[in-house]
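**Q** File entry.txt below, compact mmCIF, C-alpha atoms:
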```txt
# COMPACT_ATOMS: atom_id res chain seq x y z
CA MET A 1 7.60 62.98 229.09
CA ALA A 2 9.92 61.47 231.68
CA SER A 3 13.06 62.63 233.46
CA ILE A 4 15.47 61.77 236.26
CA LYS A 5 17.19 64.43 238.39
CA GLN A 6 19.34 64.28 241.48
CA ARG A 7 18.27 66.48 244.35
CA ALA A 8 20.62 68.35 246.66
CA ASP A 9 20.39 65.61 249.29
CA GLY A 10 21.60 63.04 246.74
CA VAL A 11 18.24 61.34 246.19
CA TRP A 12 17.21 60.66 242.59
CA ARG A 13 13.78 61.94 241.57
CA ALA A 14 12.11 60.14 238.65
CA ARG A 15 8.97 61.64 237.16
CA TYR A 16 6.65 61.28 234.17
CA ARG A 17 3.35 62.65 232.92
CA ASP A 18 0.52 60.35 231.87
CA ASP A 19 -1.82 60.83 228.91
CA ALA A 20 -4.08 63.04 231.01
CA GLY A 21 -1.20 65.36 231.85
CA ARG A 22 -0.97 64.32 235.49
CA GLU A 23 2.54 64.13 236.93
CA HIS A 24 3.75 61.09 238.84
CA ALA A 25 7.05 60.99 240.72
CA ARG A 26 9.04 58.61 242.93
CA HIS A 27 12.36 58.99 244.75
CA PHE A 28 15.22 56.48 244.76
CA THR A 29 18.59 56.18 246.42
CA LEU A 30 20.19 54.82 243.24
CA LYS A 31 19.81 56.23 239.75
CA ARG A 32 19.51 52.77 238.20
CA ASP A 33 16.47 52.03 240.37
CA ALA A 34 14.87 55.24 239.19
CA GLN A 35 15.59 54.34 235.57
CA ARG A 36 14.19 50.82 236.06
CA TRP A 37 10.95 52.26 237.39
CA LEU A 38 10.58 54.59 234.40
CA ASP A 39 11.34 51.69 232.04
CA GLU A 40 8.59 49.60 233.67
CA VAL A 41 6.13 52.47 233.28
CA ALA A 42 7.07 52.90 229.62
CA ALA A 43 6.65 49.16 228.97
CA ALA A 44 3.21 49.21 230.63
CA VAL A 45 2.13 52.11 228.42
CA VAL A 46 3.34 50.37 225.24
CA THR A 47 1.60 47.07 226.11
CA GLY A 48 -1.63 48.75 227.21
CA GLN A 49 -1.24 47.63 230.82
CA TYR A 50 -0.58 51.04 232.31
CA VAL A 51 -2.66 51.93 235.36
CA ASP A 52 -2.76 55.29 237.09
CA PRO A 53 -1.25 54.63 240.54
CA LYS A 54 -3.84 56.91 242.11
CA ALA A 55 -6.76 54.92 240.68
CA GLY A 56 -6.16 52.04 243.08
CA ARG A 57 -6.66 54.30 246.10
CA ILE A 58 -10.42 53.78 245.86
CA THR A 59 -11.68 51.59 248.68
CA TRP A 60 -13.04 48.13 248.02
CA ASP A 61 -16.51 49.18 249.23
CA GLU A 62 -16.59 52.14 246.87
CA TRP A 63 -15.44 50.09 243.91
CA ALA A 64 -17.72 47.10 244.57
CA THR A 65 -20.73 49.41 244.93
CA ARG A 66 -20.02 51.10 241.60
CA TRP A 67 -19.41 47.74 239.92
CA MET A 68 -22.67 46.20 241.13
CA GLU A 69 -24.70 49.26 240.13
CA ARG A 70 -23.67 48.65 236.52
CA GLN A 71 -24.91 45.05 236.45
CA SER A 72 -28.29 44.09 234.99
CA TRP A 73 -28.81 41.33 237.53
CA ALA A 74 -31.97 39.83 238.94
CA MET A 75 -32.69 40.78 242.53
CA GLY A 76 -31.56 37.43 243.90
CA THR A 77 -28.23 37.65 242.11
CA HIS A 78 -27.69 41.20 243.37
CA GLU A 79 -28.41 40.07 246.93
CA ALA A 80 -25.93 37.19 246.66
CA ALA A 81 -23.24 39.49 245.22
CA THR A 82 -23.80 42.04 247.98
CA VAL A 83 -23.35 39.42 250.69
CA ALA A 84 -20.16 38.22 248.99
CA VAL A 85 -18.40 41.57 248.52
CA GLN A 86 -19.34 42.68 252.03
CA SER A 87 -17.93 39.55 253.65
CA VAL A 88 -14.28 40.43 252.91
CA PRO A 89 -12.06 41.98 255.61
CA TRP A 90 -10.49 44.64 253.34
CA ARG A 91 -13.67 46.64 252.73
CA ASP A 92 -12.33 49.98 254.01
CA GLY A 93 -8.87 49.72 252.48
CA PRO A 94 -7.64 50.69 249.00
CA ILE A 95 -8.32 48.05 246.38
CA ALA A 96 -4.72 48.28 245.15
CA GLY A 97 -3.53 47.19 248.59
CA VAL A 98 -5.23 43.79 248.47
CA LYS A 99 -2.79 40.92 247.95
CA SER A 100 -3.33 37.34 246.90
CA SER A 101 -2.46 36.22 250.43
CA HIS A 102 -5.30 38.40 251.77
CA VAL A 103 -7.83 36.74 249.48
CA GLN A 104 -6.61 33.24 250.34
CA ALA A 105 -6.69 34.05 254.08
CA TRP A 106 -10.30 35.27 253.72
CA VAL A 107 -11.30 32.00 251.99
CA ALA A 108 -9.65 30.01 254.78
CA ALA A 109 -11.43 32.08 257.45
CA GLU A 110 -14.81 31.53 255.77
CA SER A 111 -14.14 27.79 255.77
CA LYS A 112 -13.22 27.83 259.49
CA ARG A 113 -16.51 29.58 260.21
CA GLY A 114 -18.24 26.45 258.99
CA LEU A 115 -19.65 27.80 255.72
CA ALA A 116 -20.38 25.16 253.09
CA ALA A 117 -17.79 24.78 250.33
CA SER A 118 -20.45 25.66 247.74
CA THR A 119 -21.28 28.91 249.58
CA ILE A 120 -17.61 29.91 249.76
CA LYS A 121 -17.17 29.09 246.08
CA THR A 122 -20.10 31.34 245.17
CA ARG A 123 -18.77 34.23 247.27
CA LEU A 124 -15.27 33.86 245.85
CA ASN A 125 -16.71 33.90 242.34
CA TYR A 126 -18.33 37.31 242.91
CA VAL A 127 -15.16 38.72 244.48
CA GLN A 128 -13.10 37.47 241.54
CA MET A 129 -15.59 39.02 239.11
CA SER A 130 -15.26 42.38 240.87
CA PHE A 131 -11.46 42.27 240.73
CA ARG A 132 -11.53 41.34 237.03
CA ALA A 133 -13.77 44.32 236.35
CA ALA A 134 -11.30 46.56 238.22
CA VAL A 135 -8.50 45.30 235.98
CA ALA A 136 -10.60 45.93 232.86
CA ASP A 137 -11.34 49.49 234.04
CA LYS A 138 -7.63 50.14 234.72
CA VAL A 139 -8.23 50.58 238.43
CA ILE A 140 -5.61 47.95 239.28
CA ALA A 141 -2.98 46.30 237.11
CA SER A 142 -3.81 42.70 238.02
CA SER A 143 -6.28 40.75 240.11
CA PRO A 144 -5.03 39.39 243.45
CA ALA A 145 -7.79 36.77 243.32
CA VAL A 146 -6.34 34.93 240.32
CA GLY A 147 -5.47 31.37 241.26
CA VAL A 148 -7.25 31.50 244.62
CA LYS A 149 -9.46 28.43 245.02
CA ALA A 150 -12.38 27.63 247.25
CA PRO A 151 -12.23 24.52 249.45
CA ARG A 152 -13.34 21.33 247.78
CA GLY A 153 -16.88 20.21 248.48
CA ARG A 154 -18.13 16.70 248.95
CA LYS A 155 -18.60 14.55 245.87
CA ALA A 156 -22.08 14.77 244.40
CA GLU A 157 -22.77 11.09 245.03
CA ALA A 158 -21.94 11.55 248.71
CA ALA A 159 -23.54 14.95 249.28
CA MET A 160 -26.76 14.59 247.30
CA ARG A 161 -29.74 13.29 249.25
CA ILE A 162 -32.49 11.42 247.37
CA MET A 163 -35.78 10.70 249.12
CA SER A 164 -37.24 7.21 249.20
CA ALA A 165 -40.87 6.51 248.27
CA GLU A 166 -41.67 6.06 251.98
CA GLU A 167 -40.14 9.46 252.82
CA VAL A 168 -42.06 11.20 250.04
CA ASN A 169 -45.30 9.62 251.27
CA ALA A 170 -44.57 10.72 254.84
CA ALA A 171 -43.88 14.29 253.69
CA LEU A 172 -47.09 14.44 251.64
CA ASP A 173 -49.15 13.09 254.54
CA ALA A 174 -47.72 15.78 256.83
CA ALA A 175 -47.99 18.64 254.32
CA GLY A 176 -51.62 19.61 254.83
CA ASP A 177 -52.57 22.62 252.67
CA PHE A 178 -48.90 22.80 251.57
CA ARG A 179 -49.25 19.41 249.83
CA GLY A 180 -49.72 20.85 246.32
CA PHE A 181 -46.56 22.92 246.72
CA VAL A 182 -44.60 19.81 247.72
CA GLU A 183 -46.09 17.81 244.83
CA VAL A 184 -45.01 20.23 242.08
CA CYS A 185 -41.50 20.18 243.53
CA VAL A 186 -41.16 16.39 243.74
CA PHE A 187 -43.32 15.37 240.74
CA ALA A 188 -42.48 18.28 238.37
CA GLY A 189 -39.00 19.25 239.59
CA LEU A 190 -39.82 22.91 240.24
CA ARG A 191 -37.52 25.07 242.32
CA LEU A 192 -38.93 26.72 245.44
CA GLY A 193 -39.32 30.11 243.73
CA GLU A 194 -40.86 28.54 240.62
CA ALA A 195 -43.47 26.67 242.66
CA ALA A 196 -44.27 29.84 244.62
CA GLY A 197 -44.71 31.78 241.36
CA LEU A 198 -47.23 29.40 239.76
CA GLN A 199 -50.54 30.89 238.72
CA LEU A 200 -53.71 29.09 237.66
CA ARG A 201 -53.09 29.91 234.00
CA ASP A 202 -49.75 28.07 234.16
CA VAL A 203 -51.46 24.70 234.65
CA ASN A 204 -52.83 23.06 231.50
CA PHE A 205 -55.17 20.45 232.94
CA LEU A 206 -56.21 19.05 229.55
CA GLY A 207 -52.68 19.03 228.15
CA ARG A 208 -51.25 17.62 231.41
CA SER A 209 -48.45 20.14 231.61
CA ILE A 210 -47.15 22.95 233.81
CA CYS A 211 -45.63 26.11 232.33
CA VAL A 212 -42.80 27.69 234.33
CA ALA A 213 -43.14 31.33 233.31
CA ARG A 214 -42.34 33.23 236.53
CA GLN A 215 -40.82 32.83 239.97
CA VAL A 216 -40.87 34.50 243.37
CA GLN A 217 -37.64 36.15 244.50
CA GLY A 218 -36.90 37.60 247.90
CA ALA A 219 -36.62 36.15 251.37
CA THR A 220 -39.18 38.22 253.31
CA ASN A 221 -42.78 39.39 252.96
CA LYS A 222 -41.45 42.87 252.20
CA THR A 223 -38.96 41.88 249.50
CA ALA A 224 -40.80 38.97 247.87
CA GLN A 225 -41.85 39.75 244.32
CA ILE A 226 -42.81 37.92 241.13
CA VAL A 227 -40.14 38.09 238.41
CA PRO A 228 -39.25 36.15 235.24
CA PRO A 229 -37.61 32.76 235.85
CA LYS A 230 -33.87 32.18 235.85
CA TYR A 231 -32.07 32.55 232.53
CA GLU A 232 -33.27 29.82 230.12
CA SER A 233 -35.37 28.23 232.90
CA GLU A 234 -38.71 29.10 231.29
CA ARG A 235 -40.11 25.75 230.22
CA THR A 236 -43.05 23.37 230.01
CA VAL A 237 -42.99 20.29 232.25
CA TYR A 238 -45.15 17.33 231.21
CA VAL A 239 -46.76 15.63 234.18
CA PRO A 240 -49.01 12.59 234.81
CA ASP A 241 -52.78 12.51 235.29
CA GLU A 242 -52.37 11.86 239.01
CA LEU A 243 -50.64 15.20 239.58
CA MET A 244 -53.24 17.02 237.49
CA ALA A 245 -56.03 15.45 239.56
CA SER A 246 -54.33 16.48 242.79
CA LEU A 247 -53.84 20.07 241.60
CA ALA A 248 -57.46 20.22 240.40
CA ALA A 249 -58.58 19.18 243.88
CA HIS A 250 -56.31 21.85 245.39
CA VAL A 251 -57.75 24.54 243.10
CA LYS A 252 -61.30 23.56 244.08
CA ARG A 253 -60.49 23.34 247.77
CA GLN A 254 -58.74 26.75 247.84
CA SER A 255 -61.29 28.40 245.53
CA VAL A 256 -58.68 29.54 243.01
CA THR A 257 -60.68 30.91 240.08
CA GLY A 258 -58.83 33.78 238.37
CA HIS A 259 -56.26 32.92 235.69
CA ASP A 260 -53.73 35.30 237.26
CA GLU A 261 -54.31 34.09 240.83
CA GLN A 262 -51.43 32.44 242.65
CA LEU A 263 -51.84 28.69 242.87
CA PHE A 264 -50.21 28.59 246.30
CA VAL A 265 -50.39 31.31 248.98
CA THR A 266 -49.84 31.36 252.74
CA PRO A 267 -52.81 31.13 255.13
CA LEU A 268 -52.66 34.96 255.27
CA GLY A 269 -52.82 35.21 251.49
CA ARG A 270 -49.17 36.22 251.02
CA LEU A 271 -46.59 34.91 248.60
CA TRP A 272 -44.53 31.93 249.63
CA HIS A 273 -40.84 32.86 249.62
CA ARG A 274 -37.50 31.48 250.70
CA ASN A 275 -37.99 32.03 254.43
CA ASN A 276 -41.63 31.13 255.07
CA ALA A 277 -41.58 28.15 252.66
CA ALA A 278 -38.46 26.82 254.37
CA GLY A 279 -40.17 27.26 257.73
CA GLU A 280 -43.22 25.32 256.55
CA TRP A 281 -40.95 22.58 255.22
CA ARG A 282 -39.22 22.32 258.59
CA ARG A 283 -42.63 21.70 260.18
CA ILE A 284 -43.38 18.99 257.62
CA ARG A 285 -39.96 17.42 258.05
CA GLU A 286 -40.32 17.25 261.82
CA THR A 287 -43.83 15.80 261.61
CA ALA A 288 -42.74 13.21 259.02
CA GLY A 289 -39.63 12.27 261.00
CA LEU A 290 -37.22 13.24 258.20
CA SER A 291 -33.58 14.18 258.82
CA ASP A 292 -32.38 17.80 258.66
CA GLU A 293 -30.46 17.08 255.45
CA VAL A 294 -33.74 16.66 253.57
CA THR A 295 -34.50 20.16 252.24
CA LEU A 296 -37.11 21.48 249.83
CA HIS A 297 -34.47 21.29 247.10
CA THR A 298 -34.10 17.58 247.87
CA LEU A 299 -37.53 17.17 246.26
CA ARG A 300 -36.09 18.47 242.97
CA HIS A 301 -33.13 16.08 243.23
CA THR A 302 -35.57 13.24 243.84
CA PHE A 303 -37.55 14.19 240.72
CA ALA A 304 -34.37 14.20 238.61
CA SER A 305 -33.23 10.90 240.09
CA ASN A 306 -36.51 9.25 239.12
CA LEU A 307 -36.26 10.51 235.52
CA ILE A 308 -32.77 9.07 235.21
CA ALA A 309 -33.78 5.78 236.83
CA GLN A 310 -36.58 5.47 234.26
CA GLY A 311 -34.06 5.73 231.41
CA CYS A 312 -34.46 9.41 230.41
CA ASP A 313 -31.47 10.83 228.51
CA VAL A 314 -29.55 13.90 229.64
CA VAL A 315 -31.31 16.32 227.26
CA THR A 316 -34.73 15.21 228.49
CA VAL A 317 -33.67 15.72 232.11
CA GLN A 318 -32.04 19.06 231.26
CA ARG A 319 -35.24 20.41 229.71
CA ALA A 320 -37.43 19.15 232.52
CA LEU A 321 -35.22 20.81 235.12
CA GLY A 322 -34.72 24.04 233.17
CA HIS A 323 -30.92 23.88 233.01
CA SER A 324 -29.41 26.14 230.34
CA THR A 325 -27.04 23.43 229.04
CA PRO A 326 -26.73 19.62 229.30
CA SER A 327 -23.31 20.09 230.91
CA ILE A 328 -24.94 21.65 233.99
CA THR A 329 -27.21 18.62 234.30
CA LEU A 330 -24.25 16.26 233.97
CA ASN A 331 -22.18 18.21 236.50
CA VAL A 332 -24.93 17.76 239.09
CA TYR A 333 -26.40 14.35 238.26
CA SER A 334 -23.82 12.40 236.23
CA HIS A 335 -23.30 9.95 239.12
CA LEU A 336 -26.94 8.84 238.83
CA TRP A 337 -26.63 7.62 235.25
CA PRO A 338 -25.35 4.07 234.66
CA SER A 339 -21.58 4.03 234.14
CA ALA A 340 -19.87 2.68 231.03
CA GLU A 341 -19.02 -0.43 233.02
CA ASP A 342 -22.67 -0.94 233.98
CA LYS A 343 -23.83 -0.51 230.39
CA THR A 344 -21.16 -2.88 229.06
CA ARG A 345 -22.00 -5.51 231.67
CA SER A 346 -25.75 -5.22 231.06
CA ALA A 347 -25.42 -5.31 227.27
CA THR A 348 -23.14 -8.34 227.37
CA ALA A 349 -25.44 -10.13 229.82
CA SER A 350 -28.37 -9.60 227.45
CA PHE A 351 -26.29 -10.87 224.54
CA MET A 352 -25.21 -13.95 226.50
CA THR A 353 -28.83 -14.67 227.44
CA GLU A 354 -29.82 -14.42 223.78
CA ILE A 355 -27.04 -16.85 222.77
CA ARG A 356 -27.96 -19.26 225.57
CA ASN A 357 -31.64 -19.23 224.62
CA SER A 358 -30.70 -19.85 221.00
CA ALA A 359 -28.51 -22.81 221.96
CA ASP A 360 -31.21 -24.29 224.20
CA SER A 361 -33.72 -24.00 221.38
CA LEU A 362 -31.36 -25.73 218.97
CA ARG A 363 -30.73 -28.61 221.40
CA THR A 364 -34.47 -29.03 221.91
CA GLU A 365 -35.02 -29.29 218.18
CA THR A 366 -32.22 -31.88 217.86
CA LYS A 367 -33.57 -34.11 220.64
CA LYS A 368 -37.11 -34.36 219.24
CA PRO A 369 -38.03 -38.08 218.62
CA GLN A 370 -38.14 -39.21 214.98
CA PHE A 371 -41.19 -41.34 214.07
CA ARG A 372 -41.01 -43.68 211.07
CA GLY A 373 -44.06 -44.29 209.02
CA SER A 374 -45.57 -47.83 209.30
CA ARG A 375 -44.66 -50.38 206.63
CA GLN A 376 -47.26 -51.18 204.04
CA ARG A 377 -48.20 -54.82 203.74
```
How would this structure read if it were set down as structure tokens?
**A**
Amino acid sequence: MASIKQRADGVWRARYRDDAGREHARHFTLKRDAQRWLDEVAAAVVTGQYVDPKAGRITWDEWATRWMERQSWAMGTHEAATVAVQSVPWRDGPIAGVKSSHVQAWVAAESKRGLAASTIKTRLNYVQMSFRAAVADKVIASSPAVGVKAPRGRKAEAAMRIMSAEEVNAALDAAGDFRGFVEVCVFAGLRLGEAAGLQLRDVNFLGRSICVARQVQGATNKTAQIVPPKYESERTVYVPDELMASLAAHVKRQSVTGHDEQLFVTPLGRLWHRNNAAGEWRRIRETAGLSDEVTLHTLRHTFASNLIAQGCDVVTVQRALGHSTPSITLNVYSHLWPSAEDKTRSATASFMTEIRNSADSLRTETKKPQFRGSRQR
């Protein structure tokens, strides 16, 4: 039910009741403005876009907390989302008061702080997800984050660092007891958490394979825990005899005997995690004389680069790396595969060589001397 009435002071009062029976009213100087507002409300109701104006009074912090509590995320994902939603400057204000300009200004501020483009993109993604959920729950009518873009990052071919054979050797020589950890990253392509989560039963010495069945999540000794691997990352990686021999030596040296024992632990017997493994890698990097841009994840990029250089197709690389789809592999590593121009040039060169060899063979046959039989007397 809706109505418009003029008050004694000449102001027009427009009001309506929503489906829950709550009354909403606004005051206008002109009657036509009051009627326009009621018409907009009626249109929103008919199209299913109606939102209770009071719903948007909830603060961003309150909404984001409720939204994240409903998600069935892994711990690492929840941590990343928490950092993202708490990095915005409108945390204490009503969610309905956030404008597109506010979101874009926040992205610009994050960029000026020196955050990597990929980090800003991840944070923006979580913020956009939260706004979309608010729209779906009829908390706000539309998302102010629609159309907001993160700054562009460097091209993969420029940003991705691949280690040379000399650099890998230097890192292995400097690794000490951490050598096995480094080897499964660079020769099996495991992520940091996947390498930290390996147990003795995951290594099939006779079958020359490593099963990725768990990972370590968390960044401190207190929060580190063993959980299932990332979605669709559970896999079997087939590795050479040399890696198996090295891991066998590690198992013997560290006296790892139980099937459910961790293959790699710190000198104090704790799980390796994001912080202490990164600290150990910094020690190795400094000892080996490697640049700061060479991270533990660079080992995984190096593994993928070698597979591609050896002629492995995208599906083979995808499965070895544990990507959920080939498109993810291509998005990250497409620049490492030979281009169409390279393939065309190489194929034509092979064809030309074949033609040339055939022509040379034909000329050789033609130039062979012809011997006549001796005359009979």
**Q** Within 12 Å of (-15.6, 35.7, 239.2), all atoms listed in the file: residues as a VMD selection string?
**A** chain A and resid 81 84 to 85 121 to 134 143 to 150
**Q** Per residue of stretch 218-280 of chain A within 10 Å of stretch 287-310 of chain A, which atom pair is closest and at what distance in Å (one decimal), using all atoms listed in the file, listed by chain and increasing number, as JSON lines?
**A**
```
{"residue": "A:Ala277", "atom": "CA", "partner": "A:Leu296", "partner_atom": "CA", "distance": 8.5}
{"residue": "A:Ala278", "atom": "CA", "partner": "A:Leu296", "partner_atom": "CA", "distance": 7.1}
{"residue": "A:Glu280", "atom": "CA", "partner": "A:Leu296", "partner_atom": "CA", "distance": 9.9}
```
**Q** How many Å lie between atom CA of A:Trp63 and atom CA of A:Arg17, rounded to one decimal?
**A** 25.1 Å
**Q** Kindly provide, as lines of an AutoDock Vina configuration file, the centre and edge lengths (Å, one decimal) of an axis-aligned box around all atoms of stretch 86-96 of chain A given in the file, with 6 Å on each side.
**A**
```
center_x = -12.0
center_y = 45.1
center_z = 250.4
size_x = 26.6
size_y = 23.1
size_z = 22.5
```
**Q** Quick one: distance from atom CA of A:Trp90 to atom CA of A:Ser72 in Å, one decimal?
**A** 25.6 Å
**Q** Here is a test: counting all atoms listed in the file, which residue of A:Asp173, A:Leu200, A:Ala74, A:Glu234 is nearest to A:Val256?
**A**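 Closest to A:Val256, using all atoms listed in the file: A:Leu200.
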**Q** Which polymer residues, protein or nucleic acid, are no farther than 9 Å from (-33.6, 15.7, 233.1), counting only C-alpha atoms, as a list in words?
**A** Phe303, Ala304, Ser305, Leu307, Ile308, Cys312, Asp313, Val314, Val315, Thr316, Val317, Gln318, Arg319, Ala320, Leu321, Gly322, His323, Pro326, Thr329 and Tyr333 of chain A
**Q** Using all atoms listed in the file, find the one residue out of A:Arg161, A:Arg22, A:Arg235, A:Arg15 that sits nearest to A:Ser209.
**A**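 Distance minimum relative to A:Ser209 lands on A:Arg235.
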**Q** Choose the residue, out of A:Trp73, A:Tyr238, A:Phe351, A:Phe187, that has the smallest atom-to-atom separation from A:Cys211; count only C-alpha atoms.
**A**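 Looking only at the distances to A:Cys211, the closest residue turns out to be A:Tyr238.
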**Q** Restricting the calculation to all atoms listed in the file: of A:Val182, A:Met68, A:Val237, A:Val203, which residue gets closest to A:Gln86?
**A**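 Nearest to A:Gln86: A:Met68.
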**Q** Mind giving me the straight-line distance from atom CA of A:Lys112 to atom CA of A:Thr65 in Å, one decimal?
**A**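 Distance reported for this atom pair: 27.1 Å.
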**Q** Go through A:Ser100, A:Ser111, A:Gln215, A:Gln254 and flag the residue nearest A:Leu190, using all atoms listed in the file for the distances.
**A**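 Closest candidate: A:Gln215.
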**Q** Keeping just all heavy atoms, export stretch 196-204 of chain A of this structure as an mmCIF file, in the first residue's frame.
**A**
```
data_model
loop_
_atom_site.group_PDB
_atom_site.id
_atom_site.type_symbol
_atom_site.label_atom_id
_atom_site.label_comp_id
_atom_site.auth_asym_id
_atom_site.auth_seq_id
_atom_site.Cartn_x
_atom_site.Cartn_y
_atom_site.Cartn_z
ATOM 1 N N ALA A 196 55.919 -29.756 2.242
ATOM 2 C CA ALA A 196 55.914 -29.829 3.703
ATOM 3 C C ALA A 196 54.977 -30.925 4.210
ATOM 4 O O ALA A 196 55.196 -31.486 5.285
ATOM 5 C CB ALA A 196 55.501 -28.481 4.287
ATOM 6 N N GLY A 197 53.937 -31.254 3.435
ATOM 7 C CA GLY A 197 52.960 -32.247 3.874
ATOM 8 C C GLY A 197 53.307 -33.678 3.522
ATOM 9 O O GLY A 197 52.601 -34.607 3.924
ATOM 10 N N LEU A 198 54.406 -33.892 2.780
ATOM 11 C CA LEU A 198 54.762 -35.255 2.365
ATOM 12 C C LEU A 198 55.055 -36.165 3.553
ATOM 13 O O LEU A 198 55.737 -35.766 4.503
ATOM 14 C CB LEU A 198 55.985 -35.232 1.453
ATOM 15 C CG LEU A 198 55.777 -34.824 -0.008
ATOM 16 C CD1 LEU A 198 57.110 -34.845 -0.742
ATOM 17 C CD2 LEU A 198 54.785 -35.743 -0.703
ATOM 18 N N GLN A 199 54.537 -37.369 3.473
ATOM 19 C CA GLN A 199 54.846 -38.402 4.454
ATOM 20 C C GLN A 199 55.537 -39.564 3.744
ATOM 21 O O GLN A 199 55.488 -39.678 2.517
ATOM 22 C CB GLN A 199 53.565 -38.858 5.152
ATOM 23 C CG GLN A 199 52.896 -37.745 5.954
ATOM 24 C CD GLN A 199 51.595 -38.168 6.609
ATOM 25 O OE1 GLN A 199 51.114 -39.290 6.403
ATOM 26 N NE2 GLN A 199 51.020 -37.283 7.415
ATOM 27 N N LEU A 200 56.164 -40.439 4.512
ATOM 28 C CA LEU A 200 56.924 -41.531 3.917
ATOM 29 C C LEU A 200 56.051 -42.387 3.003
ATOM 30 O O LEU A 200 56.498 -42.832 1.943
ATOM 31 C CB LEU A 200 57.540 -42.393 5.024
ATOM 32 C CG LEU A 200 58.423 -43.566 4.559
ATOM 33 C CD1 LEU A 200 59.583 -43.069 3.707
ATOM 34 C CD2 LEU A 200 58.927 -44.353 5.751
ATOM 35 N N ARG A 201 54.797 -42.600 3.395
ATOM 36 C CA ARG A 201 53.912 -43.441 2.587
ATOM 37 C C ARG A 201 53.563 -42.821 1.242
ATOM 38 O O ARG A 201 53.039 -43.496 0.358
ATOM 39 C CB ARG A 201 52.621 -43.715 3.360
ATOM 40 C CG ARG A 201 51.852 -42.455 3.758
ATOM 41 C CD ARG A 201 50.625 -42.788 4.550
ATOM 42 N NE ARG A 201 50.053 -41.606 5.195
ATOM 43 C CZ ARG A 201 48.981 -41.641 5.982
ATOM 44 N NH1 ARG A 201 48.369 -42.791 6.195
ATOM 45 N NH2 ARG A 201 48.531 -40.549 6.552
ATOM 46 N N ASP A 202 53.839 -41.539 1.066
ATOM 47 C CA ASP A 202 53.516 -40.859 -0.188
ATOM 48 C C ASP A 202 54.567 -41.103 -1.273
ATOM 49 O O ASP A 202 54.342 -40.763 -2.430
ATOM 50 C CB ASP A 202 53.385 -39.346 0.040
ATOM 51 C CG ASP A 202 52.264 -39.008 1.011
ATOM 52 O OD1 ASP A 202 51.245 -39.729 1.000
ATOM 53 O OD2 ASP A 202 52.411 -38.036 1.776
ATOM 54 N N VAL A 203 55.695 -41.679 -0.884
ATOM 55 C CA VAL A 203 56.782 -41.910 -1.841
ATOM 56 C C VAL A 203 56.816 -43.389 -2.212
ATOM 57 O O VAL A 203 57.044 -44.246 -1.360
ATOM 58 C CB VAL A 203 58.139 -41.479 -1.263
ATOM 59 C CG1 VAL A 203 59.237 -41.668 -2.307
ATOM 60 C CG2 VAL A 203 58.090 -40.030 -0.799
ATOM 61 N N ASN A 204 56.570 -43.678 -3.484
ATOM 62 C CA ASN A 204 56.618 -45.049 -3.994
ATOM 63 C C ASN A 204 57.981 -45.249 -4.649
ATOM 64 O O ASN A 204 58.194 -44.900 -5.809
ATOM 65 C CB ASN A 204 55.499 -45.264 -5.007
ATOM 66 C CG ASN A 204 55.414 -46.693 -5.500
ATOM 67 O OD1 ASN A 204 56.364 -47.468 -5.356
ATOM 68 N ND2 ASN A 204 54.301 -47.058 -6.103
#
```
